[in-house]
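What follows is a short report on a single structure.
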Amino acid sequence: MRFLLDDEQREFARSLDGMLAAADTPGAVRAWARGDQSPGRTLWARLAESGVFGLATPEEYDGLGLLPVELAVAFTQLGRHAVPGPLVETVAAATLLDRLGDRTAATWLPGIGSGKTVTTVNPFTDESPYALDADAADLVLLVAGGTVRVAASTGPVQQSADPARRLSRPTGGTVLAEGPQVPRAAAHAADVAALATAAQALGVGRALLEQTVAHVRRRHQFGRAIGSFQAVKHRLADVLIGLEFAEPLVHAAALSLASAAPRAGRDIAAAKVATGEAAYFAARAALQCHGAVGYTEELDLSLWIRKARALRTAWGTPSACRARVLAP
């Protein structure tokens with residue numbers, strides 16, 4: 001199995017990286033946390049133009065079909081730049097709607113693929129009543145058992161460990177679809193969401209390592225850069241090893257999903273737990289290496305540290321993912 005990206009995929013990653021590097025994503029994240037979605041929606045439109053949401057939208061609705069490898073490439077860059085919004089939830093919703101029937105898909109998928117319809121969905125893997133960024137979404141889906149509803153109201157925003165991940169409890173609404181096809185569609189959408197979350201966590205971990213390496217090269221103590229100390233070197237080496245081991249698992253999971261392999265679910269769970277733990281370890285190392293300044297909200301680093309903690313449990317906790325990997 002080939003885990004290396006081809007030239008076109010690498011160029012896609014570079015183009016997203018360049019676009020996001022020039023977009024002041026930390027400013028968009030802080031505005032999003034305050035409830036101001038304008039900078040985030042502008043960034044969302046640019047991502048749509050780059051084809052990010054088309055990677056989960058069928059070709060008949062102006063998308064590219066589900067391309068798991070390219071989706072993983074895109075979400076790694078989204079995590080690396082801490083892009084705010086229900087990104088994972090939007091591609092999960094697109095995948096779900098695609099499998100619920102032509103009438104349902106035709107109503108919503110063109111807007112999702114074009115970026116005009118920001119969408120979120122409750123994480124039905126753990127039957128949570130909360131949905132991410134429902135207050136900013138144009139479409140909020142609720143999945144429970146064999147029923148999919150369009151939420152009628154979103155409820156107040158709840159406190160979250162990551163202020164840029166705004167949680168609400170949507171309720172009620174019109175039945176969009178029901179029947180035995182719903183659990184099957186939801187299971188497939190949950191796999192896509194877990195893969196995208198794993199890739200996003202990988203990008204977050206990479207960004208944390210890059211920022212920390214840059215800091216320990218600049219910061220001097222006892223007349224030397226603290227990055228020259230053995231304890232710091234070993235700590236960051238462990239972070240790098242964790243990320244390097246996690247990345248091929250993400251690519252393997254994407255390839256398994258693309259080929260509809262029977263082991264795809266296990267591969268996705270393995271990638272999710274590996275990237276989640278690697279990013280969380282990177283966040284802890286970054287906080288320690290930055291010292292007291294690492295605790296401050298004014299430092300951009302905090303945006304990635306908080307996201308790493310949230311992504312660790314989003315769309316599959318470590319224990320749930322390990323149980324899936326080990327299931328007979």
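Convention: chains lettered A, B, ... in structure tokens order; per-chain residue numbering from 1; ligands numbered from 1 as shown.
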Contact check, segment 44-85 of chain A to segment 197-216 of chain A, at most 12 Å, counting only C-alpha atoms, closest pairs as a tab-separated table:
```
residue	atom	partner	partner_atom	distance
A:Pro68	CA	A:Ala199	CA	10.5
A:Val69	CA	A:Ala199	CA	10.0
A:Glu70	CA	A:Ala199	CA	10.6
A:Leu71	CA	A:Ala199	CA	8.5
A:Ala72	CA	A:Ala199	CA	5.3
A:Val73	CA	A:Ala199	CA	7.3
A:Ala74	CA	A:Ala199	CA	8.2
A:Phe75	CA	A:Gln200	CA	4.9
A:Thr76	CA	A:Gly203	CA	4.3
A:Gln77	CA	A:Gly203	CA	5.8
A:Leu78	CA	A:Gln200	CA	6.3
A:Gly79	CA	A:Gln200	CA	4.2
A:Arg80	CA	A:Gly203	CA	4.0
A:His81	CA	A:Ala207	CA	7.3
A:Ala82	CA	A:Val204	CA	6.9
A:Val83	CA	A:Gln200	CA	9.6
A:Pro84	CA	A:Gln200	CA	11.3
```
Point-to-point distance from atom CA of Ser114 of chain A to atom CA of Gly54 of chain A, Å rounded to tenths: 7.3 Å
Option closest in space to Asp162 of chain A, from A:Leu109, A:Asp7, A:Lys116, A:Asp133 [counting only C-alpha atoms]: A:Asp133
All residues 12 Å or closer to Arg41 of chain A, only C-alpha atoms, same chain fewer than 5 positions away omitted, as number ranges by chain: A: 25, 28-29, 31-32, 35-36, 46-48, 83-87, 115-118, 136-138
Proximity to Leu66 of chain A - best of A:His234, A:Arg218, A:Arg34, A:His188, only C-alpha atoms: A:His188
Of the listed residues A:Gly173, A:Gly242, A:Gly316, A:Pro156, that which approaches Phe281 of chain A most closely, counting only C-alpha atoms: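 Looking only at the distances to Phe281 of chain A, the closest residue turns out to be A:Gly242.
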Surrounding residues of Leu255 of chain A excluding itself and chain neighbours under 2 positions, 12 Å, only C-alpha atoms, as number ranges by chain: A: 1-5, 66-72, 192, 195, 248-253, 257-265, 267-268, 271
Interatomic distance (Å, one decimal) between atom CA of Ala33 of chain A and atom CA of Gln288 of chain A: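 The value is 24.8 Å.
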Residue set, segment 206-300 of chain A restricted to alpha helix (DSSP H), as a PyMOL selection string: chain A and resi 206-218+230-258+264-290
Residues of the last selection are to be written out with C-alpha atoms, as an mmCIF file, in the first residue's frame.
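Listed below is the output, again_27.cif:
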```
data_model
loop_
_atom_site.group_PDB
_atom_site.id
_atom_site.type_symbol
_atom_site.label_atom_id
_atom_site.label_comp_id
_atom_site.auth_asym_id
_atom_site.auth_seq_id
_atom_site.Cartn_x
_atom_site.Cartn_y
_atom_site.Cartn_z
ATOM 1 C CA ARG A 206 2.401 19.845 13.453
ATOM 2 C CA ALA A 207 1.669 23.523 14.068
ATOM 3 C CA LEU A 208 2.298 23.178 17.811
ATOM 4 C CA LEU A 209 5.648 21.519 17.156
ATOM 5 C CA GLU A 210 6.679 24.184 14.614
ATOM 6 C CA GLN A 211 5.787 27.034 16.955
ATOM 7 C CA THR A 212 7.554 25.405 19.880
ATOM 8 C CA VAL A 213 10.742 24.697 17.938
ATOM 9 C CA ALA A 214 10.816 28.334 16.821
ATOM 10 C CA HIS A 215 10.351 29.481 20.435
ATOM 11 C CA VAL A 216 13.088 27.314 21.960
ATOM 12 C CA ARG A 217 15.512 28.575 19.335
ATOM 13 C CA ARG A 218 14.761 32.198 20.267
ATOM 14 C CA GLN A 230 18.908 17.831 26.403
ATOM 15 C CA ALA A 231 15.591 17.744 28.246
ATOM 16 C CA VAL A 232 13.967 20.064 25.701
ATOM 17 C CA LYS A 233 15.477 18.191 22.761
ATOM 18 C CA HIS A 234 14.202 14.844 24.008
ATOM 19 C CA ARG A 235 10.746 16.217 24.757
ATOM 20 C CA LEU A 236 10.321 17.646 21.264
ATOM 21 C CA ALA A 237 11.841 14.559 19.668
ATOM 22 C CA ASP A 238 9.124 12.501 21.345
ATOM 23 C CA VAL A 239 6.506 14.874 19.932
ATOM 24 C CA LEU A 240 7.947 14.494 16.434
ATOM 25 C CA ILE A 241 8.024 10.700 16.696
ATOM 26 C CA GLY A 242 4.365 10.627 17.746
ATOM 27 C CA LEU A 243 3.323 12.778 14.800
ATOM 28 C CA GLU A 244 5.499 10.868 12.333
ATOM 29 C CA PHE A 245 3.967 7.561 13.404
ATOM 30 C CA ALA A 246 0.431 8.978 13.266
ATOM 31 C CA GLU A 247 0.637 10.438 9.747
ATOM 32 C CA PRO A 248 0.846 7.127 7.831
ATOM 33 C CA LEU A 249 -2.101 5.837 9.842
ATOM 34 C CA VAL A 250 -4.168 8.755 8.531
ATOM 35 C CA HIS A 251 -3.123 7.995 4.955
ATOM 36 C CA ALA A 252 -3.823 4.281 5.429
ATOM 37 C CA ALA A 253 -7.281 5.046 6.830
ATOM 38 C CA ALA A 254 -8.041 7.352 3.904
ATOM 39 C CA LEU A 255 -7.017 4.665 1.412
ATOM 40 C CA SER A 256 -9.117 2.059 3.227
ATOM 41 C CA LEU A 257 -12.153 4.325 3.143
ATOM 42 C CA ALA A 258 -11.586 5.149 -0.529
ATOM 43 C CA ALA A 264 -11.791 0.810 7.048
ATOM 44 C CA GLY A 265 -13.548 1.429 10.355
ATOM 45 C CA ARG A 266 -10.666 -0.016 12.352
ATOM 46 C CA ASP A 267 -8.094 1.887 10.321
ATOM 47 C CA ILE A 268 -9.967 5.149 10.907
ATOM 48 C CA ALA A 269 -10.229 4.447 14.641
ATOM 49 C CA ALA A 270 -6.489 3.713 14.808
ATOM 50 C CA ALA A 271 -5.703 6.965 12.998
ATOM 51 C CA LYS A 272 -8.072 8.922 15.214
ATOM 52 C CA VAL A 273 -6.586 7.716 18.488
ATOM 53 C CA ALA A 274 -2.984 8.067 17.260
ATOM 54 C CA THR A 275 -3.378 11.633 15.988
ATOM 55 C CA GLY A 276 -5.495 12.717 18.931
ATOM 56 C CA GLU A 277 -2.918 11.503 21.444
ATOM 57 C CA ALA A 278 0.006 12.869 19.409
ATOM 58 C CA ALA A 279 -1.582 16.325 19.137
ATOM 59 C CA TYR A 280 -2.479 16.344 22.838
ATOM 60 C CA PHE A 281 1.099 15.386 23.744
ATOM 61 C CA ALA A 282 2.349 18.149 21.436
ATOM 62 C CA ALA A 283 0.090 20.636 23.231
ATOM 63 C CA ARG A 284 1.419 19.623 26.648
ATOM 64 C CA ALA A 285 5.014 19.843 25.436
ATOM 65 C CA ALA A 286 4.381 23.235 23.844
ATOM 66 C CA LEU A 287 2.893 24.554 27.065
ATOM 67 C CA GLN A 288 5.822 23.292 29.115
ATOM 68 C CA CYS A 289 8.495 24.583 26.729
ATOM 69 C CA HIS A 290 6.897 28.033 26.514
#
```
DSSP strand (DSSP E) selection over segment 103-296 of chain A, as number ranges by chain: A: 119-121, 131-132, 139-144, 147-150, 157-158, 167-168, 174-178, 220-221, 224-225
Point-to-point distance from atom CA of Pro180 of chain A to atom CA of Ala193 of chain A, Å rounded to tenths: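 Between these atoms lies a distance of 20.7 Å.
Nearest to Pro170 of chain A of all the residues A:Arg224, A:Arg309, A:Arg149, A:Arg184 is A:Arg149, based on only C-alpha atoms.
Nearest-residue note for Gly27 of chain A: choosing from A:Leu43, A:Ala194, A:Ala144, A:Leu100, the minimum distance belongs to A:Leu43, counting only C-alpha atoms.
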